[in-house]
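Written below as structure tokens is the structure these notes are about.
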Protein chains: 2
Amino acid sequence: MHAGTKRIESNFEYLRKLFIMPDSPDKFIEFGIELLEMIHVFFQKEAGIHSSITLPQLSGIFDQTAIPESPMLIKDVLSEIKSKIIDHSVKVGSPCYIGHMTSAIPYFMILIEMIIAALNQNQVKIETAKASSFVERELLAWLHRLVFNRRDSFYERHIHNPGVALGNVTSDGTIGNLTALFVAREKALPPDDGFAGARAEGMAKALQHYGVKRAVVIVSARGHYSIRKAANILGIGEENVITISVDSGNRMDIRKLRKRLRVLDPRYGGDSRVIAIVGIAGTTETGNIDRLDVMEEIAHEAGVHFHVDASWGGPALLAEEYRGLFRGIEKADSVTIDAHKLLYCPMSMGMVLFRSEKDLNAIKHSSQYIIRRNSVDTGRFTVEGSRSFTCLKPWASLKIIGREGYGLLFRQARRNTDIFKKILEKYGNFECLNHPELFILTYRFIPVDVKERLLCWNREAAASAEKRKTFEKGIARVNRLMNAFTVKLHKELRRDDSTFVSRTTLESTRYRPHHIVVLRAVLINPLTTGQYLEEIAATQNRIALQLWQEFAPAYGRMAEEVGGSIPYQMLESCRIL
Amino acid sequence: MHAGTKRIESNFEYLRKLFIMPDSPDKFIEFGIELLEMIHVFFQKEAGIHSSITLPQLSGIFDQTAIPESPMLIKDVLSEIKSKIIDHSVKVGSPCYIGHMTSAIPYFMILIEMIIAALNQNQVKIETAKASSFVERELLAWLHRLVFNRRDSFYERHIHNPGVALGNVTSDGTIGNLTALFVAREKALPPDDGFAGARAEGMAKALQHYGVKRAVVIVSARGHYSIRKAANILGIGEENVITISVDSGNRMDIRKLRKRLRVLDPRYGGDSRVIAIVGIAGTTETGNIDRLDVMEEIAHEAGVHFHVDASWGGPALLAEEYRGLFRGIEKADSVTIDAHKLLYCPMSMGMVLFRSEKDLNAIKHSSQYIIRRNSVDTGRFTVEGSRSFTCLKPWASLKIIGREGYGLLFRQARRNTDIFKKILEKYGNFECLNHPELFILTYRFIPVDVKERLLCWNREAAASAEKRKTFEKGIARVNRLMNAFTVKLHKELRRDDSTFVSRTTLESTRYRPHHIVVLRAVLINPLTTGQYLEEIAATQNRIALQLWQEFAPAYGRMAEEVGGSIPYQMLESCRIL
């Protein structure tokens, strides 16, 4: 109990009234307006993105270890929420927050959330979700057509065919990927003579029945960690997720995929059953897209389920100009798409779609009191049980924004990505490490002379077999130093807190085989203008230059020890173009 | 595109403005008020619970198979939502809707949903969820203490200890149960000399390493279908979920549990590793609670993880008077609780809590760009990836309603359960089939003379070895007839649509071994008064009596064929007390 908050008597009549939408909604509207103002102020405030409060301080604020005994007034709890929570939340909608796949959201989403909560439908079952079940199926048909573009008659037949499901609405992309691999597992280890299927008898019996030692899932080194997690959950085993390295475009190396498939194949002495090959349409780290058409052919030639994790990039299909990047996705067996990323819905909702309307039947289940066998309940096909009417959000936003509108949003996002890249290049002190296909840029701060020296060493290593080792070692040492620098820079940027990008570590395609720590910008917020991008780059450059003073001496020693020709004229350890 | 809706030009500036909380929130408030009125009217309307529209009609309404091209005005989409969706939603908050575990919700929940959407935090990671990560941990500590009641020092040490997690907030109870069994699987098949654990190497290698043929999960016949689903997903296999039948109190038969455990045990010639024994605290169908204390002892004696599925009943722990029913839960290894059931939150949110702060480490994972190994990110422990700030709902409602308030709500729910039982008994034409411990009643309509005749036959079967078969067969035939009747009655009640109860099929504890179709009432809505319960019973009795005319002749023939003494005086096939 905090000072200033009022303790109130527990009283059933008072409680009961909380459950009734007030006859005159004044009280409600009053609270609503107050809340909106809070939120409004929060977004207007010039304060930092993450609030300056430290984690230990937050621990001190949320330190109650027992449930409150007595009721509190709504207004007291709302003002507690304001001071303790809203003020210390992350401004993921800020135009200077370009670090993760969260963005500002359209304000009508808040209205839609009110409807969802007020109706409180449970999508598991038609008895608790009447029109909303149909909204869900309509939405899934829309997305199915967007991805697979089957004939009109297919959609007319199946949009509301209760015997099948074109896909599931899931709590997020991770559960979408899990669902896809779950279906793929059952398809790869299906019921058979004397065997009831992996689902019924478990993984050990399944592998035994099919005479293989292990089941595997194949994905590129850029695969999202949810693939590993799914393999873990599904009893496949994380170690049996085979990662294939990527080419310079961050796409799965196709030659290596073919080679690996052959090694795994029992017909050529292998011991594995391939559950699925997973293509990525928008890698989380670099936004690049696998060569889905080639992978699809390879997978289907091998009789393997081809899943595409398009959690991030999928909605770009709404804009005709990006369609080409996804060539082959229309022949995938399953595709995951997140609504809370490029469909600009609030957290969180995913979808998993299956090209064949029959695939989800592989995991269909039923029970007596709910989702009965011959019911129309969507819960027969889902991993989750109770699910909210969250699908109303993309259903409404696809209407309010439309394909054309999403196209404009993505065009702007793409433009911002190019602008940001150009701004960084103009500084000279940055190095971009991916070729953005969608809206993600990975880069690092690296003073121009360091960059040039690395290039020289690279040339010299190639030219002289004798000195090759020396120069290669030099490159590795400098990159390690730069990695430490980037980690520290990211911390400094967090401390400054006026802008935000994320960081990750990539197995470099430029400096193989080194791991390079990079900054990562996700440029999807429609509120982020060129002006903001200039500010973000200037802030980063300023803070980085300052920090570089600490690292320059170590770099100088390395340069001296390795030797080689000096790039241009080194006037100082760090030069600004 | 529908008549009357306005097609608007796609225009980036227009779109961009949608992403900004309007400077003056007038527009927003205007929409908000409109919406609230819609919702208000929806709940006030005297129309039926499910709306009279048929499913084929709904198919006709939601029949667009392609995503709209052009943007639509927000107001047009909202009015479409009103006429197409709100009007045809299920009134799960109606006081006469006592069929599922959905209820009216307190109106402040709608405000909280607005905050959650506006802040749009992603709980996966501290960089996208600052204060909200602490709210989540505080809430989990509250519930952990409610269930396990460990020492103060335990909570002080671990409430914000980033190295461990006391539990997860999940999308629902199903994912909660899945998470618990996932942890249990890893604990039962852990890393070992030359073996990296089930998680890393998969289920086949795990069973091989530990020299058993299968892994099993044990639960009573009343277990929720999510347990079977989890076993399926986890590669354990649905067939390896061993269901133990229940006693007359719908609780797991302890004798049978012991027996079965011995049969499975490799030390006594068995071939199985028991992953978990699952107790139920509030069975979905009857609301009864397993003998958790005894089961806990048995599980731990056998070195097996003891999970309690308290998705439904768990929050009853908030009221001291129910604590006794749950005795033993404080020693469970893990417990699942749903927030959208007895915590009266909107759909959907579950929680899974682990007694030992170390348990969730068994499934901890990390990645480079997010949830790094040494981070404080909650996403390291969860099955899902992106998760919304949904935990704010129970956090706020536990403050606004308080333990005392929840206690009052449950007391009222219990009172309503007793009242409804008494009303049904007063009619005579009903038979209650469970002893409610919490707030669920299962029953069926059965004319009083039929009920009495079944009793007579039962007595006569017991008395005469010679005629036993005849009478037992008679009982079975009548019960089959009554099952068909109840199914049809449920359909008729759905057609009437002024009240709603659900139906299920229970392996009867009274008429063993028959399966009895029953009606199921869940009495948790604080708006449901005795008056409503009278109306519901009267409606059911009236419709049932009418329907019985159809079934009476068949019953008459059975009665004649089986013979035996006639109970009281049968004046007509159906008598009303």
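Chain lettering (A, B, ...) mirrors the order of the structure tokens, residue numbering begins at 1 for each chain separately, and ligand numbering begins at 1 in order of display.
The shell of residues at most 10 Å from Val274 (chain B), with only C-alpha atoms counted and near chain neighbours (fewer than 4 positions) removed, consists of Ala184, Arg185, Ala188, Leu189, Arg214, Ala215, Val216, Val217, Ile218, Asn240, Val241, Ile242, Leu261, Leu264, Asp265, Ala299, Ala302, Gly303, Val304 and His305 of chain B.
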Exercise. Extract, using only C-alpha atoms, all DNA, RNA and protein residues at most 10 Å from Asp377 (chain A), discarding same-chain residues fewer than 2 positions from it, and format them as a VMD selection string.
Key: chain A and resid 123 to 130 133 162 to 163 366 370 to 375 379 to 381
Quiz item: Running DSSP on the backbone, which parts of region 47-253 of chain B land in helix (DSSP H, G or I), as a VMD selection string?
Solution: chain B and resid 55 to 61 74 to 88 108 to 119 126 to 128 131 to 148 152 to 158 173 to 188 198 to 201 203 to 209 225 to 233 238 to 240
Quiz item: Quick one: of B:Lys84, B:Ala310, B:Ala141, B:Cys96, who's nearest to Gly60 (chain B), counting only C-alpha atoms?
Solution: B:Lys84
Exercise. May I have the residues within 12 Å of Arg512 (chain A) as a PyMOL selection string, using only C-alpha atoms and disregarding those fewer than 3 positions away in the same chain?
Key: chain A and resi 245-248+458+472+475-476+479+506-509+515-516
Only N, CA and C atoms, please: the residues just picked out, written as an mmCIF file, in the first residue's frame.
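Result written to selection.cif:
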```cif
data_model
loop_
_atom_site.group_PDB
_atom_site.id
_atom_site.type_symbol
_atom_site.label_atom_id
_atom_site.label_comp_id
_atom_site.auth_asym_id
_atom_site.auth_seq_id
_atom_site.Cartn_x
_atom_site.Cartn_y
_atom_site.Cartn_z
ATOM 1 N N SER A 245 25.728 -22.480 -44.179
ATOM 2 C CA SER A 245 26.247 -21.107 -44.181
ATOM 3 C C SER A 245 25.686 -20.306 -45.357
ATOM 4 N N VAL A 246 25.897 -19.008 -45.300
ATOM 5 C CA VAL A 246 25.247 -18.129 -46.282
ATOM 6 C C VAL A 246 26.255 -17.550 -47.279
ATOM 7 N N ASP A 247 25.744 -17.102 -48.404
ATOM 8 C CA ASP A 247 26.585 -16.426 -49.388
ATOM 9 C C ASP A 247 26.714 -14.952 -49.011
ATOM 10 N N SER A 248 27.333 -14.171 -49.851
ATOM 11 C CA SER A 248 27.592 -12.772 -49.496
ATOM 12 C C SER A 248 26.295 -11.967 -49.427
ATOM 13 N N ASN A 458 44.246 -6.941 -46.871
ATOM 14 C CA ASN A 458 43.553 -7.977 -47.615
ATOM 15 C C ASN A 458 44.212 -8.169 -48.981
ATOM 16 N N GLU A 472 46.555 -11.786 -42.538
ATOM 17 C CA GLU A 472 45.260 -12.327 -42.115
ATOM 18 C C GLU A 472 45.096 -12.229 -40.605
ATOM 19 N N ILE A 475 44.250 -8.696 -39.763
ATOM 20 C CA ILE A 475 42.833 -8.387 -40.007
ATOM 21 C C ILE A 475 41.980 -8.915 -38.852
ATOM 22 N N ALA A 476 42.279 -10.126 -38.446
ATOM 23 C CA ALA A 476 41.497 -10.730 -37.358
ATOM 24 C C ALA A 476 41.653 -9.928 -36.070
ATOM 25 N N ASN A 479 39.725 -6.729 -36.321
ATOM 26 C CA ASN A 479 38.285 -6.974 -36.223
ATOM 27 C C ASN A 479 37.854 -7.297 -34.789
ATOM 28 N N LEU A 506 27.426 -11.116 -36.527
ATOM 29 C CA LEU A 506 27.222 -11.892 -37.743
ATOM 30 C C LEU A 506 28.507 -12.600 -38.117
ATOM 31 N N GLU A 507 28.365 -13.830 -38.553
ATOM 32 C CA GLU A 507 29.497 -14.495 -39.168
ATOM 33 C C GLU A 507 29.671 -13.734 -40.475
ATOM 34 N N SER A 508 30.721 -12.994 -40.571
ATOM 35 C CA SER A 508 30.853 -12.049 -41.673
ATOM 36 C C SER A 508 30.920 -12.754 -43.013
ATOM 37 N N THR A 509 30.270 -12.161 -43.991
ATOM 38 C CA THR A 509 30.448 -12.676 -45.342
ATOM 39 C C THR A 509 31.579 -11.907 -46.032
ATOM 40 N N HIS A 515 33.711 -13.364 -36.929
ATOM 41 C CA HIS A 515 32.419 -12.867 -36.462
ATOM 42 C C HIS A 515 32.541 -11.373 -36.263
ATOM 43 N N ILE A 516 31.638 -10.655 -36.846
ATOM 44 C CA ILE A 516 31.691 -9.202 -36.769
ATOM 45 C C ILE A 516 30.496 -8.698 -35.967
#
```
Quiz item: Pick the closest to Arg510 (chain B) from B:Leu527, B:Leu433, B:Ala180, B:Ala332: which is it, counting only C-alpha atoms?
Solution: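 The closest residue to Arg510 (chain B) is B:Leu433.
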Practice problem: Could you pull out the residues in region 398-521 of chain B that DSSP calls strand (DSSP E) from the backbone, as a VMD selection string? | Solution: chain B and resid 430 to 432 440 to 445 502 to 507 515 to 521
Selection export as a compact mmCIF listing (two decimals), in the first residue's frame, atoms kept: C-alpha atoms:
```txt
# COMPACT_ATOMS: atom_id res chain seq x y z
CA PHE B 430 -32.87 -33.02 -13.27
CA GLU B 431 -30.00 -35.14 -12.03
CA CYS B 432 -26.74 -33.57 -10.88
CA ILE B 440 -19.05 -26.03 -12.14
CA LEU B 441 -22.16 -28.17 -12.11
CA THR B 442 -22.81 -31.07 -14.50
CA TYR B 443 -26.35 -32.37 -14.76
CA ARG B 444 -28.94 -33.67 -17.13
CA PHE B 445 -32.66 -33.47 -17.59
CA SER B 502 -22.37 -26.26 -22.57
CA ARG B 503 -22.46 -30.03 -22.83
CA THR B 504 -19.90 -32.74 -22.50
CA THR B 505 -19.68 -36.49 -22.17
CA LEU B 506 -18.40 -37.97 -18.96
CA GLU B 507 -17.45 -41.50 -18.21
CA HIS B 515 -20.68 -42.55 -20.84
CA ILE B 516 -23.24 -39.98 -19.87
CA VAL B 517 -23.92 -36.86 -21.87
CA VAL B 518 -24.38 -33.96 -19.48
CA LEU B 519 -25.10 -30.28 -19.48
CA ARG B 520 -22.41 -28.18 -17.88
CA ALA B 521 -22.89 -24.88 -16.12
```
Practice problem: Rank nothing, just name the residue among A:Ile33, A:Met351, A:Leu392, A:Ala66 nearest to Asp172 (chain A), using only C-alpha atoms. | Solution: A:Met351
Exercise. Quick one: pull the distance between CA of Val77 (chain B) and CA of Val135 (chain A), Å, one decimal.
Key: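 Here the two named atoms are 13.2 Å from each other.
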Practice problem: Considering only C-alpha atoms, state which residue in the set B:Asn250, B:Ser356, B:Thr528, B:Thr378 is at the smallest distance from Phe420 (chain B). | Solution: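 Nearest to Phe420 (chain B): B:Thr528.
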Quiz prompt | Atomic separation - CA of Glu186 (chain A) relative to CA of Leu292 (chain A), Å | solution =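 Value for the CA of Leu292 (chain A)-CA of Glu186 (chain A) distance: 22.9 Å.
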